[in-house]
$ cat final-v3.tsv   # TSV, C-alpha atoms
chain	number	residue	atom	x	y	z
A	200	MET	CA	2.33	3.38	-18.83
A	201	SER	CA	2.16	6.83	-20.33
A	202	CYS	CA	1.06	9.80	-18.31
A	203	PRO	CA	-1.82	12.05	-19.29
A	204	LEU	CA	-0.83	15.10	-21.30
A	205	ARG	CA	-2.05	18.58	-20.50
A	206	TYR	CA	-2.84	19.78	-24.03
A	207	ALA	CA	-2.60	23.52	-23.38
A	208	THR	CA	0.98	23.29	-22.11
A	209	LYS	CA	2.04	19.99	-23.71
A	210	ARG	CA	3.24	19.02	-20.25
A	211	GLU	CA	2.95	15.46	-19.03
A	212	LEU	CA	1.07	15.02	-15.79
A	213	PRO	CA	2.30	12.68	-13.09
A	214	PRO	CA	0.59	9.28	-12.87
A	215	ASN	CA	-2.58	9.34	-10.78
A	216	ILE	CA	-2.23	7.21	-7.63
A	217	SER	CA	-6.00	6.71	-7.61
A	218	ALA	CA	-5.87	4.80	-10.89
A	219	TYR	CA	-5.83	1.06	-10.35
A	220	PRO	CA	-2.86	0.31	-12.67
A	221	VAL	CA	-0.73	3.02	-11.03
A	222	ALA	CA	-1.64	2.00	-7.49
A	223	ARG	CA	-1.04	-1.65	-8.37
A	224	ARG	CA	2.45	-0.87	-9.63
A	225	VAL	CA	3.19	0.99	-6.37
A	226	VAL	CA	1.87	-1.87	-4.21
A	227	MET	CA	3.74	-4.43	-6.31
A	228	GLN	CA	6.96	-2.41	-6.02
A	229	ALA	CA	6.53	-2.21	-2.23
A	230	VAL	CA	6.25	-6.01	-2.11
A	231	ASN	CA	9.25	-6.47	-4.45
A	232	ASN	CA	11.40	-4.02	-2.48
A	233	THR	CA	10.48	-5.66	0.81
A	234	TRP	CA	11.28	-9.10	-0.62
A	235	ASN	CA	14.67	-7.81	-1.77
A	236	ARG	CA	15.38	-6.36	1.67
A	237	VAL	CA	14.46	-9.68	3.31
A	238	ARG	CA	16.94	-11.43	1.04
A	239	HIS	CA	19.58	-8.83	1.93
A	240	VAL	CA	19.00	-9.46	5.65
A	241	LEU	CA	19.23	-13.22	5.14
A	242	SER	CA	22.50	-12.84	3.23
A	243	GLY	CA	23.95	-10.50	5.85
A	244	ALA	CA	24.08	-7.50	3.50
A	245	MET	CA	21.53	-5.63	5.65
A	246	THR	CA	20.99	-5.54	9.39
A	247	LEU	CA	17.65	-5.92	11.14
A	248	GLU	CA	17.94	-2.29	12.26
A	249	GLU	CA	18.36	-1.20	8.65
A	250	LEU	CA	15.35	-3.32	7.72
A	251	GLU	CA	13.25	-1.67	10.44
A	252	GLU	CA	14.29	1.78	9.23
A	253	ALA	CA	13.44	0.83	5.63
A	254	ASN	CA	10.02	-0.43	6.76
A	255	LEU	CA	9.33	2.85	8.55
A	256	ASN	CA	10.44	4.83	5.50
A	257	LEU	CA	8.21	2.71	3.27
A	258	ALA	CA	5.18	3.30	5.51
A	259	LEU	CA	5.87	7.06	5.51
A	260	TRP	CA	6.36	7.13	1.74
A	261	LEU	CA	3.12	5.20	1.17
A	262	TYR	CA	1.30	7.58	3.52
A	263	ASP	CA	2.56	10.61	1.57
A	264	THR	CA	1.86	9.00	-1.80
A	265	PHE	CA	-1.68	7.80	-1.15
A	266	THR	CA	-2.73	10.99	0.67
A	267	GLY	CA	-1.69	13.20	-2.24
A	268	LYS	CA	1.47	14.64	-0.64
A	269	ASN	CA	3.96	13.03	-3.05
A	270	ALA	CA	4.59	15.37	-5.99
A	271	SER	CA	5.62	12.42	-8.18
A	272	PHE	CA	1.95	11.40	-8.34
A	273	SER	CA	-1.29	13.20	-8.95
A	274	SER	CA	-4.32	12.14	-6.96
A	275	GLU	CA	-8.03	12.54	-6.65
A	276	THR	CA	-8.12	15.34	-4.11
A	277	GLU	CA	-11.54	14.46	-2.72
A	278	PHE	CA	-10.75	10.77	-2.32
A	279	ASN	CA	-7.06	10.69	-1.41
A	280	GLU	CA	-6.93	13.78	0.77
A	281	ILE	CA	-10.38	13.56	2.37
A	282	HIS	CA	-12.15	10.20	2.05
A	283	LEU	CA	-9.32	7.63	2.02
A	284	ALA	CA	-9.09	7.57	5.82
A	285	GLN	CA	-12.82	7.04	6.21
A	286	TYR	CA	-12.91	4.34	3.55
A	287	LEU	CA	-10.02	2.44	5.15
A	288	ARG	CA	-11.44	3.00	8.63
A	289	GLU	CA	-14.64	1.22	7.57
A	290	SER	CA	-12.80	-1.75	6.12
A	291	LEU	CA	-9.70	-1.99	8.36
A	292	GLY	CA	-10.50	0.00	11.50
A	293	GLY	CA	-11.23	-3.11	13.56
A	294	ASP	CA	-7.95	-4.75	12.54
A	295	ILE	CA	-5.95	-1.60	13.31
A	296	ALA	CA	-7.67	-1.12	16.69
A	297	MET	CA	-7.00	-4.73	17.63
A	298	LEU	CA	-3.33	-4.58	16.64
A	299	ASP	CA	-2.67	-1.17	18.18
A	300	PRO	CA	-5.31	-0.19	20.75
A	301	GLY	CA	-3.46	3.10	21.32
A	302	VAL	CA	-4.24	4.43	17.85
A	303	ASP	CA	-6.90	7.13	17.82
A	304	LEU	CA	-9.09	5.89	14.97
A	305	SER	CA	-10.68	9.33	14.64
A	306	ASP	CA	-7.30	10.98	13.95
A	307	ASP	CA	-6.88	10.57	10.19
A	308	GLU	CA	-3.09	11.02	10.20
A	309	ALA	CA	-2.49	8.54	13.03
A	310	PHE	CA	-4.95	6.05	11.58
A	311	LEU	CA	-3.52	6.24	8.05
A	312	PHE	CA	0.05	5.87	9.27
A	313	ALA	CA	-1.03	2.85	11.34
A	314	THR	CA	-2.74	1.43	8.25
A	315	PHE	CA	0.37	1.76	6.10
A	316	ALA	CA	2.51	0.27	8.87
A	317	TYR	CA	0.00	-2.61	9.00
A	318	PHE	CA	0.27	-3.00	5.21
A	319	VAL	CA	4.07	-3.22	5.45
A	320	SER	CA	3.81	-5.83	8.22
A	321	GLU	CA	1.31	-7.80	6.12
A	322	ILE	CA	3.86	-7.97	3.31
A	323	PHE	CA	6.04	-10.07	5.61
A	324	VAL	CA	3.10	-12.31	6.46
A	325	VAL	CA	2.29	-12.98	2.81
A	326	LEU	CA	5.94	-13.54	1.96
A	327	LYS	CA	6.03	-16.27	4.61
A	328	THR	CA	2.65	-17.89	3.94
A	329	SER	CA	3.14	-17.88	0.19
A	330	GLU	CA	6.38	-19.82	0.49
A	331	ALA	CA	8.19	-16.98	-1.30
A	332	GLY	CA	11.50	-18.31	0.05
A	333	ARG	CA	10.92	-21.53	-1.84
A	334	ASP	CA	8.78	-20.43	-4.80
A	335	GLY	CA	9.78	-16.78	-5.25
A	336	ILE	CA	7.29	-13.98	-5.73
A	337	GLU	CA	6.91	-14.00	-9.52
A	338	ASN	CA	3.66	-15.65	-10.63
A	339	ASN	CA	2.90	-16.55	-7.02
A	340	PRO	CA	-0.92	-16.64	-6.67
A	341	GLN	CA	-0.89	-15.60	-2.99
A	342	ILE	CA	1.38	-12.62	-3.70
A	343	GLU	CA	-0.79	-11.61	-6.66
A	344	ALA	CA	-3.97	-11.85	-4.55
A	345	PHE	CA	-2.34	-9.74	-1.81
A	346	ILE	CA	-1.30	-7.07	-4.31
A	347	ASP	CA	-4.78	-7.01	-5.84
A	348	LEU	CA	-6.51	-6.79	-2.44
A	349	TRP	CA	-4.38	-3.88	-1.25
A	350	THR	CA	-4.68	-2.10	-4.60
A	351	LEU	CA	-8.46	-2.33	-4.37
A	352	ARG	CA	-8.36	-1.05	-0.78
A	353	LEU	CA	-6.10	1.89	-1.61
A	354	THR	CA	-8.12	2.98	-4.63
A	355	GLY	CA	-11.49	2.81	-2.89
A	356	ALA	CA	-12.77	-0.16	-4.87
A	357	PRO	CA	-14.93	-2.69	-3.04
A	358	THR	CA	-13.28	-5.89	-1.89
A	359	ALA	CA	-14.88	-9.24	-1.06
A	360	GLY	CA	-14.96	-8.27	2.62
A	361	ASP	CA	-17.18	-5.29	1.81
A	362	PHE	CA	-20.05	-7.55	0.77
A	363	LYS	CA	-21.59	-8.77	3.99
A	364	THR	CA	-24.33	-11.35	4.01
A	365	LYS	CA	-27.45	-10.62	6.02
A	366	GLU	CA	-28.19	-13.13	8.72
$ encode --input "final-v3.tsv" --output "structure tokens"
Amino acid sequence: MSCPLRYATKRELPPNISAYPVARRVVMQAVNNTWNRVRHVLSGAMTLEELEEANLNLALWLYDTFTGKNASFSSETEFNEIHLAQYLRESLGGDIAMLDPGVDLSDDEAFLFATFAYFVSEIFVVLKTSEAGRDGIENNPQIEAFIDLWTLRLTGAPTAGDFKTKE
């Protein structure tokens, strides 16, 4: 995917993490990299400690990227730096609070880090439930749905869970 060009300087701009195709590639790469690390652990080429460190680094990298702190990506300042935490808090705050009652949901940094750590842990869940060990991750409908759901969440698009029925 080509990057936008700043016409005055003829300089290419970094891809915008708020754009669905860019965010989807990032989410897909996170899943692919995690899958590859799982295979390395299973083959003995990586230890569980190395896997844990890689998971932490991935969560930190995702935090920096989606909050506009990664210079390799441009972002929508108002959304990524200001409103992302509130948007995710509305859709995932209950899940994060249940999984880690110690997280201060009103602290944007703590909440967003907890959200990206949750995302990384959910990759392992979908790898297991999708039978990735047997079927692989290419053209796997559950993996594709997971990638799409998280891409929608991280770009501020509504997801099926955002449409509540009135009782």
$ closest_atom_pairs --input "final-v3.tsv" --of "stretch 235-290 of chain A" --to "stretch 310-319 of chain A" --cutoff "7 Å" --atoms "only C-alpha atoms" --output "JSON lines"
{"residue": "A:Asn254", "atom": "CA", "partner": "A:Val319", "partner_atom": "CA", "distance": 6.7}
{"residue": "A:Ala258", "atom": "CA", "partner": "A:Phe315", "partner_atom": "CA", "distance": 5.1}
{"residue": "A:Leu261", "atom": "CA", "partner": "A:Phe315", "partner_atom": "CA", "distance": 6.6}
{"residue": "A:Tyr262", "atom": "CA", "partner": "A:Phe312", "partner_atom": "CA", "distance": 6.1}
{"residue": "A:Ala284", "atom": "CA", "partner": "A:Leu311", "partner_atom": "CA", "distance": 6.1}
$ axis_aligned_box --input "final-v3.tsv" --around "stretch 286-305 of chain A" --padding-each-side "4 Å" --output "lines of an AutoDock Vina configuration file"
center_x = -8.7
center_y = 2.3
center_z = 12.4
size_x = 20.0
size_y = 22.1
size_z = 25.8
$ atom_distance --input "final-v3.tsv" --atom1 "atom CA of A:Met297" --atom2 "atom CA of A:Val240"
29.0 Å
$ closest_residue --input "final-v3.tsv" --among "A:Asp334, A:Thr246, A:Ser273, A:Ile342" --to "A:Ile322" --atoms "all atoms listed in the file"
A:Ile342
$ closest_residue --input "final-v3.tsv" --among "A:Val324, A:Gly267, A:Trp234, A:Thr350" --to "A:Glu337" --atoms "all atoms listed in the file"
A:Trp234
$ closest_residue --input "final-v3.tsv" --among "A:Glu211, A:Asp263, A:Asp303, A:Glu251" --to "A:Ser320" --atoms "all atoms listed in the file"
A:Glu251
$ closest_residue --input "final-v3.tsv" --among "A:Lys268, A:Arg288, A:Arg238, A:Arg210" --to "A:Ala331" --atoms "only C-alpha atoms"
A:Arg238
$ residues_around --input "final-v3.tsv" --residues "A:Gly335" --least-positions-apart "4" --cutoff "12 Å" --atoms "only C-alpha atoms" --output "number ranges by chain"
A: 230-231, 234-235, 238, 325-331, 339-343
$ closest_residue --input "final-v3.tsv" --among "A:Leu287, A:Ala344, A:Ala270, A:Leu259" --to "A:Asn215" --atoms "all atoms listed in the file"
A:Ala270
$ atom_distance --input "final-v3.tsv" --atom1 "atom CA of A:Glu252" --atom2 "atom CA of A:Asp294"
23.4 Å
$ decode --input "final-v3.tsv" --residues "stretch 306-319 of chain A" --atoms "all heavy atoms" --output "mmCIF file, in the first residue's frame"
data_model
loop_
_atom_site.group_PDB
_atom_site.id
_atom_site.type_symbol
_atom_site.label_atom_id
_atom_site.label_comp_id
_atom_site.auth_asym_id
_atom_site.auth_seq_id
_atom_site.Cartn_x
_atom_site.Cartn_y
_atom_site.Cartn_z
ATOM 1 N N ASP A 306 -7.364 5.809 34.334
ATOM 2 C CA ASP A 306 -5.996 6.140 33.938
ATOM 3 C C ASP A 306 -5.791 5.632 32.516
ATOM 4 O O ASP A 306 -5.647 4.428 32.292
ATOM 5 C CB ASP A 306 -5.012 5.486 34.915
ATOM 6 C CG ASP A 306 -3.555 5.737 34.559
ATOM 7 O OD1 ASP A 306 -3.252 6.103 33.400
ATOM 8 O OD2 ASP A 306 -2.705 5.547 35.451
ATOM 9 N N ASP A 307 -5.780 6.552 31.550
ATOM 10 C CA ASP A 307 -5.705 6.156 30.141
ATOM 11 C C ASP A 307 -4.504 5.271 29.840
ATOM 12 O O ASP A 307 -4.634 4.267 29.142
ATOM 13 C CB ASP A 307 -5.669 7.382 29.229
ATOM 14 C CG ASP A 307 -7.005 8.094 29.137
ATOM 15 O OD1 ASP A 307 -8.009 7.573 29.662
ATOM 16 O OD2 ASP A 307 -7.041 9.182 28.523
ATOM 17 N N GLU A 308 -3.326 5.619 30.331
ATOM 18 C CA GLU A 308 -2.130 4.823 30.043
ATOM 19 C C GLU A 308 -2.259 3.406 30.585
ATOM 20 O O GLU A 308 -1.981 2.440 29.878
ATOM 21 C CB GLU A 308 -0.887 5.495 30.613
ATOM 22 C CG GLU A 308 -0.445 6.702 29.819
ATOM 23 C CD GLU A 308 0.864 7.283 30.338
ATOM 24 O OE1 GLU A 308 1.618 6.581 31.049
ATOM 25 O OE2 GLU A 308 1.132 8.448 30.016
ATOM 26 N N ALA A 309 -2.664 3.277 31.841
ATOM 27 C CA ALA A 309 -2.802 1.949 32.450
ATOM 28 C C ALA A 309 -3.885 1.145 31.737
ATOM 29 O O ALA A 309 -3.707 -0.045 31.457
ATOM 30 C CB ALA A 309 -3.132 2.077 33.938
ATOM 31 N N PHE A 310 -5.001 1.803 31.436
ATOM 32 C CA PHE A 310 -6.092 1.106 30.764
ATOM 33 C C PHE A 310 -5.677 0.638 29.372
ATOM 34 O O PHE A 310 -5.928 -0.506 28.985
ATOM 35 C CB PHE A 310 -7.344 1.990 30.675
ATOM 36 C CG PHE A 310 -8.398 1.375 29.813
ATOM 37 C CD1 PHE A 310 -9.135 0.290 30.260
ATOM 38 C CD2 PHE A 310 -8.613 1.844 28.525
ATOM 39 C CE1 PHE A 310 -10.079 -0.314 29.439
ATOM 40 C CE2 PHE A 310 -9.558 1.245 27.702
ATOM 41 C CZ PHE A 310 -10.290 0.171 28.170
ATOM 42 N N LEU A 311 -5.032 1.531 28.599
ATOM 43 C CA LEU A 311 -4.638 1.146 27.240
ATOM 44 C C LEU A 311 -3.591 0.042 27.254
ATOM 45 O O LEU A 311 -3.663 -0.886 26.451
ATOM 46 C CB LEU A 311 -4.137 2.360 26.458
ATOM 47 C CG LEU A 311 -5.241 3.303 25.990
ATOM 48 C CD1 LEU A 311 -4.656 4.592 25.440
ATOM 49 C CD2 LEU A 311 -6.131 2.634 24.958
ATOM 50 N N PHE A 312 -2.633 0.108 28.171
ATOM 51 C CA PHE A 312 -1.658 -0.981 28.242
ATOM 52 C C PHE A 312 -2.376 -2.294 28.569
ATOM 53 O O PHE A 312 -2.107 -3.324 27.957
ATOM 54 C CB PHE A 312 -0.539 -0.717 29.252
ATOM 55 C CG PHE A 312 0.356 -1.902 29.360
ATOM 56 C CD1 PHE A 312 1.272 -2.185 28.366
ATOM 57 C CD2 PHE A 312 0.236 -2.792 30.416
ATOM 58 C CE1 PHE A 312 2.068 -3.329 28.414
ATOM 59 C CE2 PHE A 312 1.025 -3.933 30.484
ATOM 60 C CZ PHE A 312 1.947 -4.198 29.484
ATOM 61 N N ALA A 313 -3.296 -2.258 29.533
ATOM 62 C CA ALA A 313 -4.054 -3.459 29.896
ATOM 63 C C ALA A 313 -4.853 -3.968 28.693
ATOM 64 O O ALA A 313 -4.969 -5.182 28.478
ATOM 65 C CB ALA A 313 -4.978 -3.184 31.072
ATOM 66 N N THR A 314 -5.377 -3.071 27.892
ATOM 67 C CA THR A 314 -6.140 -3.464 26.704
ATOM 68 C C THR A 314 -5.247 -4.157 25.681
ATOM 69 O O THR A 314 -5.618 -5.189 25.113
ATOM 70 C CB THR A 314 -6.828 -2.239 26.080
ATOM 71 O OG1 THR A 314 -7.735 -1.685 27.036
ATOM 72 C CG2 THR A 314 -7.584 -2.607 24.811
ATOM 73 N N PHE A 315 -4.055 -3.621 25.459
ATOM 74 C CA PHE A 315 -3.162 -4.258 24.489
ATOM 75 C C PHE A 315 -2.613 -5.576 25.025
ATOM 76 O O PHE A 315 -2.417 -6.524 24.253
ATOM 77 C CB PHE A 315 -2.061 -3.293 24.040
ATOM 78 C CG PHE A 315 -2.608 -2.220 23.145
ATOM 79 C CD1 PHE A 315 -2.661 -0.900 23.560
ATOM 80 C CD2 PHE A 315 -3.131 -2.529 21.899
ATOM 81 C CE1 PHE A 315 -3.201 0.091 22.751
ATOM 82 C CE2 PHE A 315 -3.675 -1.554 21.070
ATOM 83 C CZ PHE A 315 -3.713 -0.238 21.505
ATOM 84 N N ALA A 316 -2.408 -5.678 26.327
ATOM 85 C CA ALA A 316 -2.010 -6.958 26.917
ATOM 86 C C ALA A 316 -3.149 -7.969 26.753
ATOM 87 O O ALA A 316 -2.918 -9.151 26.448
ATOM 88 C CB ALA A 316 -1.648 -6.771 28.383
ATOM 89 N N TYR A 317 -4.389 -7.510 26.944
ATOM 90 C CA TYR A 317 -5.565 -8.362 26.738
ATOM 91 C C TYR A 317 -5.628 -8.826 25.283
ATOM 92 O O TYR A 317 -5.864 -10.000 25.001
ATOM 93 C CB TYR A 317 -6.816 -7.578 27.127
ATOM 94 C CG TYR A 317 -8.129 -8.236 26.805
ATOM 95 C CD1 TYR A 317 -8.502 -9.438 27.386
ATOM 96 C CD2 TYR A 317 -9.029 -7.625 25.940
ATOM 97 C CE1 TYR A 317 -9.724 -10.034 27.098
ATOM 98 C CE2 TYR A 317 -10.255 -8.202 25.648
ATOM 99 C CZ TYR A 317 -10.589 -9.410 26.232
ATOM 100 O OH TYR A 317 -11.797 -9.991 25.943
ATOM 101 N N PHE A 318 -5.399 -7.908 24.348
ATOM 102 C CA PHE A 318 -5.394 -8.262 22.925
ATOM 103 C C PHE A 318 -4.376 -9.371 22.655
ATOM 104 O O PHE A 318 -4.690 -10.362 21.990
ATOM 105 C CB PHE A 318 -5.082 -7.029 22.071
ATOM 106 C CG PHE A 318 -4.710 -7.356 20.654
ATOM 107 C CD1 PHE A 318 -5.646 -7.858 19.771
ATOM 108 C CD2 PHE A 318 -3.413 -7.173 20.201
ATOM 109 C CE1 PHE A 318 -5.301 -8.175 18.456
ATOM 110 C CE2 PHE A 318 -3.059 -7.487 18.894
ATOM 111 C CZ PHE A 318 -3.998 -7.984 18.023
ATOM 112 N N VAL A 319 -3.158 -9.215 23.178
ATOM 113 C CA VAL A 319 -2.123 -10.224 22.960
ATOM 114 C C VAL A 319 -2.563 -11.569 23.542
ATOM 115 O O VAL A 319 -2.416 -12.611 22.905
ATOM 116 C CB VAL A 319 -0.769 -9.765 23.537
ATOM 117 C CG1 VAL A 319 0.261 -10.889 23.484
ATOM 118 C CG2 VAL A 319 -0.263 -8.534 22.781
#
